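S.K.: Just one file: entry17.cif, with mmCIF, C-alpha atoms and all ligand atoms.
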```
data_entry
#
loop_
_atom_site.label_atom_id
_atom_site.label_comp_id
_atom_site.auth_asym_id
_atom_site.auth_seq_id
_atom_site.Cartn_x
_atom_site.Cartn_y
_atom_site.Cartn_z
CA MET A 1 11.62 -20.47 45.94
CA SER A 2 15.26 -21.49 46.17
CA GLU A 3 16.82 -23.38 43.27
CA LYS A 4 17.16 -26.47 45.46
CA LYS A 5 13.45 -26.58 46.24
CA SER A 6 12.41 -26.34 42.60
CA LYS A 7 14.46 -29.32 41.45
CA PRO A 8 12.53 -32.52 40.70
CA ILE A 9 13.00 -35.14 43.42
CA SER A 10 13.55 -38.76 42.42
CA VAL A 11 13.63 -41.80 44.65
CA VAL A 12 15.74 -44.66 43.26
CA THR A 13 15.31 -48.03 44.98
CA GLY A 14 18.33 -50.25 44.43
CA GLY A 15 20.28 -47.02 44.11
CA ALA A 16 23.66 -48.59 44.96
CA GLY A 17 23.34 -51.28 42.31
CA PHE A 18 24.82 -51.43 38.83
CA LEU A 19 21.85 -49.82 37.07
CA GLY A 20 20.50 -47.83 40.03
CA SER A 21 23.81 -46.00 40.45
CA HIS A 22 24.12 -45.16 36.72
CA LEU A 23 20.51 -43.98 36.70
CA THR A 24 21.27 -41.79 39.73
CA ASP A 25 24.19 -40.18 37.88
CA ARG A 26 21.95 -39.43 34.91
CA LEU A 27 19.18 -37.98 37.07
CA LEU A 28 21.64 -35.72 38.90
CA ALA A 29 23.02 -34.60 35.54
CA GLU A 30 19.45 -33.79 34.47
CA GLY A 31 19.08 -31.51 37.51
CA HIS A 32 17.16 -33.83 39.84
CA ARG A 33 17.71 -34.35 43.53
CA VAL A 34 18.06 -38.08 44.22
CA ILE A 35 17.17 -40.11 47.28
CA ALA A 36 18.70 -43.55 46.84
CA ILE A 37 17.55 -46.52 48.91
CA ASP A 38 19.40 -49.83 49.06
CA ASN A 39 19.85 -52.60 51.61
CA LEU A 40 23.22 -53.47 50.03
CA ILE A 41 22.58 -57.20 49.69
CA THR A 42 23.78 -57.03 46.11
CA GLY A 43 24.39 -53.27 45.78
CA ASN A 44 27.72 -51.73 46.69
CA VAL A 45 28.39 -48.33 48.30
CA GLU A 46 31.52 -48.00 46.14
CA ASN A 47 29.16 -47.48 43.18
CA VAL A 48 27.99 -44.22 44.75
CA ALA A 49 31.14 -43.21 46.67
CA HIS A 50 31.75 -40.40 44.16
CA LEU A 51 28.44 -38.79 45.25
CA SER A 52 29.33 -38.28 48.90
CA GLY A 53 29.20 -34.58 49.65
CA ASN A 54 26.82 -33.90 46.74
CA GLU A 55 24.04 -31.84 48.33
CA ASP A 56 21.49 -33.08 45.79
CA TYR A 57 22.09 -36.70 46.80
CA ARG A 58 21.07 -38.71 49.84
CA PHE A 59 21.54 -42.39 50.59
CA ILE A 60 19.24 -44.40 52.85
CA GLU A 61 20.27 -47.93 53.82
CA SER A 62 17.01 -49.82 54.11
CA ASN A 63 15.09 -52.82 52.78
CA VAL A 64 12.24 -51.61 50.55
CA SER A 65 10.41 -54.94 50.99
CA ASN A 66 9.68 -53.97 54.61
CA TYR A 67 8.58 -50.36 54.32
CA ILE A 68 9.78 -47.26 52.53
CA LEU A 69 10.24 -44.30 54.82
CA VAL A 70 11.11 -41.12 52.95
CA PRO A 71 10.49 -37.96 54.97
CA GLU A 72 10.23 -35.63 51.94
CA GLU A 73 6.68 -34.41 51.33
CA LYS A 74 7.34 -33.75 47.67
CA ILE A 75 8.53 -36.59 45.45
CA ASP A 76 8.24 -36.34 41.67
CA TYR A 77 9.48 -39.75 40.52
CA VAL A 78 9.90 -43.22 42.02
CA PHE A 79 12.23 -45.50 40.08
CA HIS A 80 11.92 -49.06 41.40
CA PHE A 81 15.24 -50.78 40.62
CA ALA A 82 15.82 -52.82 43.78
CA SER A 83 16.24 -56.56 43.12
CA PRO A 84 18.90 -59.23 42.96
CA ALA A 85 19.38 -59.46 39.19
CA SER A 86 21.90 -62.14 38.29
CA PRO A 87 20.98 -65.83 38.10
CA ILE A 88 23.48 -66.68 40.87
CA ASP A 89 22.10 -63.96 43.13
CA TYR A 90 18.51 -65.01 42.79
CA LEU A 91 19.45 -68.66 43.29
CA GLU A 92 21.16 -67.69 46.56
CA LEU A 93 18.46 -65.18 47.56
CA PRO A 94 15.21 -66.70 46.28
CA ILE A 95 12.94 -65.33 48.97
CA PRO A 96 14.34 -61.76 49.06
CA THR A 97 14.02 -61.79 45.24
CA LEU A 98 10.35 -62.76 45.43
CA LYS A 99 9.73 -60.28 48.22
CA VAL A 100 11.29 -57.27 46.52
CA GLY A 101 9.39 -57.97 43.29
CA ALA A 102 6.13 -58.32 45.18
CA LEU A 103 6.22 -56.45 48.51
CA GLY A 104 8.94 -54.01 47.43
CA THR A 105 6.97 -53.10 44.30
CA HIS A 106 3.81 -52.66 46.36
CA ASN A 107 5.63 -50.35 48.79
CA ALA A 108 7.26 -48.35 45.98
CA LEU A 109 3.89 -47.93 44.26
CA GLY A 110 2.34 -46.94 47.58
CA LEU A 111 4.97 -44.23 47.98
CA ALA A 112 4.29 -42.96 44.44
CA LYS A 113 0.54 -42.94 45.11
CA ASP A 114 0.91 -41.07 48.40
CA ARG A 115 3.06 -38.31 46.87
CA HIS A 116 1.37 -38.21 43.44
CA ALA A 117 4.71 -39.15 41.91
CA LYS A 118 5.38 -40.79 38.56
CA PHE A 119 6.53 -44.40 38.85
CA LEU A 120 8.92 -46.45 36.69
CA LEU A 121 9.37 -50.20 37.16
CA ALA A 122 12.61 -51.92 36.16
CA SER A 123 11.26 -55.10 34.64
CA THR A 124 13.13 -57.63 32.57
CA SER A 125 13.39 -59.72 29.43
CA GLU A 126 13.05 -62.67 31.84
CA CYS A 127 9.29 -62.01 31.63
CA TYR A 128 9.58 -63.76 28.25
CA GLY A 129 11.25 -66.81 29.89
CA ASP A 130 12.69 -69.27 27.36
CA PRO A 131 10.95 -67.54 24.47
CA LEU A 132 9.09 -69.30 21.69
CA VAL A 133 8.90 -66.05 19.71
CA HIS A 134 12.08 -64.46 18.37
CA PRO A 135 13.00 -61.62 18.58
CA GLN A 136 10.82 -60.71 21.57
CA LYS A 137 8.13 -58.05 21.14
CA GLU A 138 6.28 -56.52 24.08
CA ASP A 139 3.01 -58.24 23.13
CA TYR A 140 4.56 -61.71 23.61
CA TRP A 141 3.35 -63.18 26.92
CA GLY A 142 6.34 -65.42 27.48
CA ASN A 143 7.26 -68.99 28.28
CA VAL A 144 8.19 -69.08 31.96
CA ASN A 145 8.57 -72.07 34.27
CA PRO A 146 6.97 -70.76 37.48
CA ILE A 147 8.54 -73.41 39.74
CA GLY A 148 12.04 -73.60 38.23
CA PRO A 149 15.08 -71.97 39.85
CA ARG A 150 14.67 -68.79 37.76
CA GLY A 151 10.94 -68.62 38.54
CA VAL A 152 11.64 -66.59 41.69
CA TYR A 153 12.90 -63.71 39.56
CA ASP A 154 10.73 -64.15 36.48
CA GLU A 155 7.46 -64.49 38.38
CA ALA A 156 8.34 -61.71 40.83
CA LYS A 157 8.88 -59.34 37.91
CA ARG A 158 5.72 -60.53 36.16
CA PHE A 159 3.81 -59.91 39.39
CA ALA A 160 5.50 -56.49 39.65
CA GLU A 161 4.26 -55.63 36.15
CA ALA A 162 0.73 -56.76 37.05
CA MET A 163 0.80 -54.69 40.26
CA THR A 164 2.11 -51.66 38.36
CA MET A 165 -0.68 -51.86 35.77
CA ALA A 166 -3.25 -52.32 38.57
CA TYR A 167 -2.04 -49.10 40.26
CA HIS A 168 -2.13 -47.38 36.89
CA ARG A 169 -5.67 -48.52 36.06
CA TYR A 170 -7.23 -48.46 39.52
CA HIS A 171 -5.38 -45.64 41.28
CA LYS A 172 -4.59 -43.65 38.08
CA ILE A 173 -0.88 -43.52 38.89
CA ASP A 174 1.36 -42.39 36.02
CA THR A 175 3.39 -45.61 35.62
CA LYS A 176 6.03 -46.84 33.15
CA ILE A 177 7.49 -50.32 32.71
CA VAL A 178 10.88 -50.95 31.10
CA ARG A 179 11.83 -54.51 30.14
CA ILE A 180 15.57 -54.51 30.44
CA PHE A 181 17.60 -56.91 28.27
CA ASN A 182 21.18 -58.02 29.04
CA THR A 183 23.19 -54.94 29.94
CA TYR A 184 26.89 -54.56 30.68
CA GLY A 185 29.37 -51.92 31.72
CA PRO A 186 31.39 -50.55 34.64
CA ARG A 187 30.05 -51.24 38.18
CA MET A 188 28.88 -54.76 37.49
CA ARG A 189 30.14 -57.00 40.24
CA LEU A 190 33.13 -59.07 39.17
CA ARG A 191 31.70 -62.16 40.83
CA ASP A 192 27.98 -61.69 40.19
CA GLY A 193 28.04 -64.78 37.97
CA ARG A 194 26.76 -63.06 34.85
CA VAL A 195 28.51 -63.87 31.65
CA VAL A 196 30.10 -60.46 31.02
CA PRO A 197 31.99 -60.08 34.34
CA ALA A 198 32.62 -63.85 34.46
CA PHE A 199 34.39 -64.02 31.09
CA ILE A 200 36.26 -60.73 31.48
CA GLY A 201 37.45 -61.67 34.99
CA GLN A 202 38.56 -65.10 33.79
CA ALA A 203 40.32 -63.65 30.74
CA LEU A 204 42.20 -61.05 32.79
CA LYS A 205 43.41 -63.80 35.14
CA ASN A 206 44.31 -66.13 32.24
CA GLU A 207 41.83 -68.69 33.57
CA PRO A 208 39.57 -70.77 31.30
CA LEU A 209 36.35 -69.06 30.15
CA THR A 210 33.44 -71.16 31.47
CA VAL A 211 30.96 -71.52 28.60
CA PHE A 212 27.75 -73.17 29.82
CA GLY A 213 26.21 -75.81 27.53
CA ASP A 214 27.61 -75.84 24.00
CA GLY A 215 27.56 -72.04 23.89
CA SER A 216 24.95 -71.94 21.10
CA GLN A 217 22.46 -70.01 23.27
CA THR A 218 22.24 -66.37 22.28
CA ARG A 219 22.13 -63.04 24.10
CA SER A 220 22.11 -59.42 22.92
CA PHE A 221 24.24 -57.06 25.00
CA CYS A 222 23.47 -53.38 25.57
CA TYR A 223 26.00 -50.90 26.94
CA VAL A 224 24.83 -49.28 30.17
CA SER A 225 24.82 -45.64 28.95
CA ASP A 226 22.48 -46.57 26.08
CA LEU A 227 20.17 -48.41 28.46
CA ILE A 228 20.02 -45.52 30.93
CA ASP A 229 19.29 -43.11 28.09
CA GLY A 230 16.30 -45.24 27.03
CA ILE A 231 15.05 -45.45 30.61
CA PHE A 232 15.33 -41.71 31.15
CA LYS A 233 13.45 -41.04 27.89
CA LEU A 234 10.74 -43.50 28.97
CA SER A 235 10.39 -41.71 32.33
CA GLN A 236 9.68 -38.47 30.44
CA SER A 237 7.10 -40.06 28.12
CA ASP A 238 3.37 -40.62 28.48
CA PHE A 239 3.55 -44.28 27.53
CA HIS A 240 2.26 -46.83 30.07
CA GLU A 241 2.65 -50.22 28.38
CA PRO A 242 5.95 -52.12 28.77
CA VAL A 243 8.85 -51.02 26.54
CA ASN A 244 11.84 -53.23 25.66
CA ILE A 245 15.16 -51.47 26.06
CA GLY A 246 18.20 -53.38 24.86
CA ASN A 247 20.58 -53.78 21.96
CA PRO A 248 19.35 -56.11 19.19
CA ARG A 249 22.93 -57.10 18.25
CA GLU A 250 22.68 -60.83 19.01
CA MET A 251 25.50 -63.33 19.37
CA THR A 252 26.00 -66.82 20.71
CA ILE A 253 27.72 -67.20 24.06
CA LYS A 254 30.53 -69.06 22.29
CA GLN A 255 31.02 -66.10 19.93
CA PHE A 256 30.98 -63.79 22.94
CA ALA A 257 33.72 -65.89 24.60
CA GLU A 258 35.79 -65.72 21.41
CA GLU A 259 35.39 -61.93 21.28
CA ILE A 260 36.63 -61.65 24.86
CA LEU A 261 39.63 -63.89 24.07
CA ARG A 262 40.46 -61.71 21.04
CA ILE A 263 39.98 -58.29 22.65
CA THR A 264 41.82 -59.06 25.90
CA GLY A 265 44.64 -61.01 24.18
CA THR A 266 44.53 -63.47 27.08
CA ARG A 267 46.15 -66.90 27.23
CA SER A 268 42.81 -68.33 28.46
CA THR A 269 41.07 -71.21 26.71
CA ILE A 270 37.36 -72.16 26.66
CA GLU A 271 36.05 -74.75 29.12
CA TYR A 272 32.52 -76.17 28.70
CA LYS A 273 30.31 -76.58 31.79
CA PRO A 274 26.73 -77.86 32.20
CA LEU A 275 23.94 -75.53 31.10
CA PRO A 276 21.93 -74.16 34.07
CA VAL A 277 18.27 -75.27 34.35
CA ASP A 278 15.82 -73.22 32.22
CA ASP A 279 18.61 -71.14 30.65
CA PRO A 280 16.88 -69.29 27.77
CA LYS A 281 18.11 -70.55 24.37
CA VAL A 282 17.69 -67.24 22.57
CA ARG A 283 17.18 -63.61 23.51
CA GLN A 284 16.94 -60.53 21.34
CA PRO A 285 14.84 -57.43 21.90
CA ASP A 286 12.52 -56.13 19.23
CA ILE A 287 12.96 -52.39 19.82
CA THR A 288 10.42 -51.13 17.30
CA ARG A 289 8.29 -49.72 20.13
CA ALA A 290 11.18 -47.87 21.81
CA LYS A 291 12.21 -46.37 18.46
CA LYS A 292 8.68 -45.22 17.71
CA VAL A 293 7.54 -44.05 21.14
CA LEU A 294 10.82 -42.70 22.54
CA GLY A 295 12.89 -42.03 19.43
CA TRP A 296 15.53 -44.17 21.11
CA GLU A 297 18.01 -46.70 19.81
CA PRO A 298 21.39 -47.86 21.11
CA LYS A 299 24.48 -46.02 19.89
CA VAL A 300 27.51 -47.59 21.56
CA GLU A 301 29.29 -50.22 19.43
CA PHE A 302 30.06 -53.55 21.09
CA GLU A 303 33.83 -53.14 20.68
CA GLU A 304 33.80 -49.71 22.33
CA GLY A 305 31.54 -50.72 25.23
CA ILE A 306 33.34 -53.94 25.95
CA LYS A 307 36.75 -52.21 25.97
CA LYS A 308 35.50 -49.68 28.54
CA THR A 309 34.14 -52.56 30.62
CA ILE A 310 37.40 -54.52 30.39
CA ASP A 311 39.32 -51.40 31.52
CA TYR A 312 37.00 -51.08 34.51
CA PHE A 313 37.51 -54.71 35.56
CA ARG A 314 41.27 -54.42 35.03
CA GLY A 315 41.20 -51.55 37.56
CA ARG A 316 39.10 -53.58 40.00
CA LEU A 317 41.46 -56.54 39.84
CA LYS A 318 44.46 -54.34 40.69
CA GLN A 319 42.81 -53.12 43.93
N1 LIG B 1 27.02 -68.14 30.91
C1 LIG B 1 28.14 -68.87 30.58
N2 LIG B 1 29.21 -68.84 31.45
C2 LIG B 1 29.22 -68.12 32.60
C3 LIG B 1 28.08 -67.36 32.92
C4 LIG B 1 26.98 -67.40 32.07
O1 LIG B 1 28.20 -69.52 29.53
O2 LIG B 1 30.24 -68.17 33.32
C5 LIG B 1 25.87 -68.16 30.00
C6 LIG B 1 24.54 -68.48 30.66
O3 LIG B 1 24.32 -69.86 30.71
C7 LIG B 1 23.57 -67.77 29.71
C8 LIG B 1 24.36 -66.56 29.20
O4 LIG B 1 25.73 -66.85 29.46
O5 LIG B 1 23.25 -68.60 28.61
C9 LIG B 1 24.00 -65.25 29.89
O6 LIG B 1 24.03 -65.49 31.27
P1 LIG B 1 23.86 -64.34 32.36
O7 LIG B 1 24.04 -65.00 33.69
O8 LIG B 1 24.77 -63.22 32.04
O9 LIG B 1 22.39 -63.78 32.24
P2 LIG B 1 20.99 -64.31 31.65
O10 LIG B 1 20.92 -63.70 30.32
O11 LIG B 1 20.99 -65.83 31.58
O12 LIG B 1 20.01 -63.79 32.61
#
```
Turn the structure described in the file into structure tokens.

M.R.:
Amino acid sequence: MSEKKSKPISVVTGGAGFLGSHLTDRLLAEGHRVIAIDNLITGNVENVAHLSGNEDYRFIESNVSNYILVPEEKIDYVFHFASPASPIDYLELPIPTLKVGALGTHNALGLAKDRHAKFLLASTSECYGDPLVHPQKEDYWGNVNPIGPRGVYDEAKRFAEAMTMAYHRYHKIDTKIVRIFNTYGPRMRLRDGRVVPAFIGQALKNEPLTVFGDGSQTRSFCYVSDLIDGIFKLSQSDFHEPVNIGNPREMTIKQFAEEILRITGTRSTIEYKPLPVDDPKVRQPDITRAKKVLGWEPKVEFEEGIKKTIDYFRGRLKQ
């Protein structure tokens, strides 16, 4: 058997997105062949431009909510990462967001079942909604408004988790579920509306930083390489219940704005804007399970990760 044939084959849906493209890089580094699928509604081919010509990599432009056509007979892993993932995106794309969480997940599970592949679902801390338990542990069922503007994402991901567990229990598929908390790093879209690119972009242009509400709501930010490391470890484990992956270092959004002002040395000020509907007041992962089951915990300090991210956005703004 040639070396190429013996490599594990991974399908990554949402492969041109922020996380899908970083996951692809990690899988290639681990010796996998990667088939990436993306319809590019929020993904960007520039995120994978460095892979053109790599014989272990193939890109298919397609919408996984319709059907997933992968000619390869042998597939070892399906990583389902396709979805709009920022509040602005899922407000603008409510129906595609619902469809990719529901129909896209069904199709991705169907592909895994057909090829006897392992399956990993990218789920989210949004499953916990505006949480009444803090920090959030995996056994907390959440506090989600099903009909609010964020419901299209939260409920789609909750459905995706239910579908994944059904395939695990009924069809005996080897499935994993990662609940991803706020993550940042290079390849986020400058204008995706999330707080990290928003504040950095504003700071680099000396524009006011738009803090929503009074800025007392909290988030806990994980650098992308740490997140991908946790996800890769989960994919290699035998654990089927959801696992939180994120960085427990929590701060208020106002503190985050002040950190960005300090680190960039901008002339920007802070401007307060109305808080979006159903914006969670607190969010912090309890990562006890990830530590125990995967031996994983985040390593990258906030200062280091945020400086790398600022450098990336500085480069983007010059283009
Ligand atoms: N936020 C903000 N200003 C912005 C964008 C976001 O104050 O320009 C706030 C938002 O209201 C939320 C937090 O930052 O409380 C994180 O928002 P993000 O969109 O990054 O993701 P979320 O964690 O809400 O899914």

S.K.: Taking all atoms listed in the file into account, which residues are within 7 Å of ligand LIG 1 (chain B), as number ranges by chain?

M.R.: A: 86-87, 182, 193-196, 198-199, 209-213, 215, 217-219, 253, 275-276, 279-281

S.K.: Would you pick out the contacts of A:Ala290 at 7 Å or less, using only C-alpha atoms, so that residues sharing its chain but fewer than 4 positions from it are not included, and give the list as an mmCIF file with C-alpha atoms, keeping the file's coordinate frame?

M.R.:
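Final file, result-v9.cif:
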```cif
data_model
loop_
_atom_site.group_PDB
_atom_site.id
_atom_site.type_symbol
_atom_site.label_atom_id
_atom_site.label_comp_id
_atom_site.auth_asym_id
_atom_site.auth_seq_id
_atom_site.Cartn_x
_atom_site.Cartn_y
_atom_site.Cartn_z
ATOM 1 C CA VAL A 243 8.850 -51.020 26.540
ATOM 2 C CA ASN A 244 11.840 -53.230 25.660
ATOM 3 C CA ILE A 245 15.160 -51.470 26.060
ATOM 4 C CA LEU A 294 10.820 -42.700 22.540
ATOM 5 C CA GLY A 295 12.890 -42.030 19.430
ATOM 6 C CA TRP A 296 15.530 -44.170 21.110
#
```

S.K.: Taking every listed atom of stretch 14-32 of chain A and adding 8 Å to each side, what centre and edge lengths in Å (one decimal) does the axis-aligned box have, as AutoDock Vina command-line options?

M.R.:
```
--center_x 21.0 --center_y -41.5 --center_z 39.7 --size_x 23.7 --size_y 35.9 --size_z 26.5
```

S.K.: Figure out the distance between atom CA of A:Ala112 and atom CA of A:Glu72, please, to one decimal in Å.

M.R.: 12.1 Å

S.K.: Could you pull the residues within 7 Å of stretch 163-173 of chain A, counting all atoms listed in the file, minus those fewer than 4 positions along the same chain, as number ranges by chain?

M.R.: A: 113, 118, 159

S.K.: Could you state the separation of atom CA of A:Gly110 and atom CA of A:Leu69 in Å, given to one decimal place?

M.R.: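 Distance between the two atoms: 11.0 Å.
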
S.K.: Pick the closest to A:Asp89 from A:Pro149, A:Leu27, A:Trp141, A:Asp192: which is it, counting only C-alpha atoms?

M.R.: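 The answer is A:Asp192, which sits nearest to A:Asp89.
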
S.K.: For A:Ser235, which residue among A:Asp174, A:Glu138, A:Glu297, A:Glu126 is the nearest when counting all atoms listed in the file?

M.R.: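 Smallest separation from A:Ser235 among the options: A:Asp174.
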
S.K.: Here's a test: counting only C-alpha atoms, identify every protein, DNA and RNA residue with an atom at most 10 Å from (13.3, -71.3, 40.7) in the file's coordinate frame, and state them as a PyMOL selection string.

M.R.: chain A and resi 87+90-91+94+145-155+277-278

S.K.: Near A:Tyr77, counting only C-alpha atoms, which residues have an atom at most 10 Å away, once you skip same-chain residues fewer than 3 positions from it, shown as a list in words?

M.R.: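 The filter keeps Pro8, Ile9, Ser10, Val11, Val12, His32, Val34, Lys74, His80, Leu111, Ala112, Arg115, His116, Ala117, Lys118, Phe119, Leu120, Asp174, Thr175 and Ser235 of chain A.
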
S.K.: Quick one: everything within 7 Å of A:Glu241, counting only C-alpha atoms, minus sequence neighbours fewer than 2 positions away in the same chain. Send it as a count of residues only.

M.R.: 4

S.K.: Please provide as a compact mmCIF listing (two decimals) with C-alpha atoms, in the frame of the given file all residues within 9 Å of A:Leu261, with the sequence filter that same-chain residues fewer than 6 positions apart are discarded (counting all atoms listed in the file).

M.R.:
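Below is the file that was written, selection.txt:
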```txt
# COMPACT_ATOMS: atom_id res chain seq x y z
CA PHE A 199 34.39 -64.02 31.09
CA ILE A 200 36.26 -60.73 31.48
CA ALA A 203 40.32 -63.65 30.74
CA LEU A 209 36.35 -69.06 30.15
CA ARG A 267 46.15 -66.90 27.23
CA SER A 268 42.81 -68.33 28.46
CA THR A 269 41.07 -71.21 26.71
CA ILE A 270 37.36 -72.16 26.66
```

S.K.: Measuring atom to atom with all atoms listed in the file, identify which of A:Ile88, A:Val70, A:Ile75, A:Ile41 is nearest to A:Gly17.

M.R.: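 Comparing A:Ile88, A:Val70, A:Ile75, A:Ile41 against A:Gly17, the winner is A:Ile41.
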
S.K.: How many Å separate atom CA of A:Asp229 from atom CA of A:Val133?

M.R.: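 Those two atoms sit 26.5 Å apart.
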
S.K.: So which one's closest to A:Gly104, A:Lys157, A:His134, A:His240, A:Arg262? Using all atoms listed in the file, please.

M.R.: A:Lys157

S.K.: Ranking A:Gly15, A:Ser52, A:Lys307, A:Val178 by minimum distance to A:Phe232 and counting only C-alpha atoms, which one comes first?

M.R.: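 Looking at the shortest contact to A:Phe232, the residue is A:Val178.
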
S.K.: Between A:Pro274, A:Gly43, A:Gly265, A:Gly185, which has the minimum distance to A:Tyr223 (counting all atoms listed in the file)?

M.R.: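 Among A:Pro274, A:Gly43, A:Gly265, A:Gly185, it is A:Gly185 that comes nearest to A:Tyr223.
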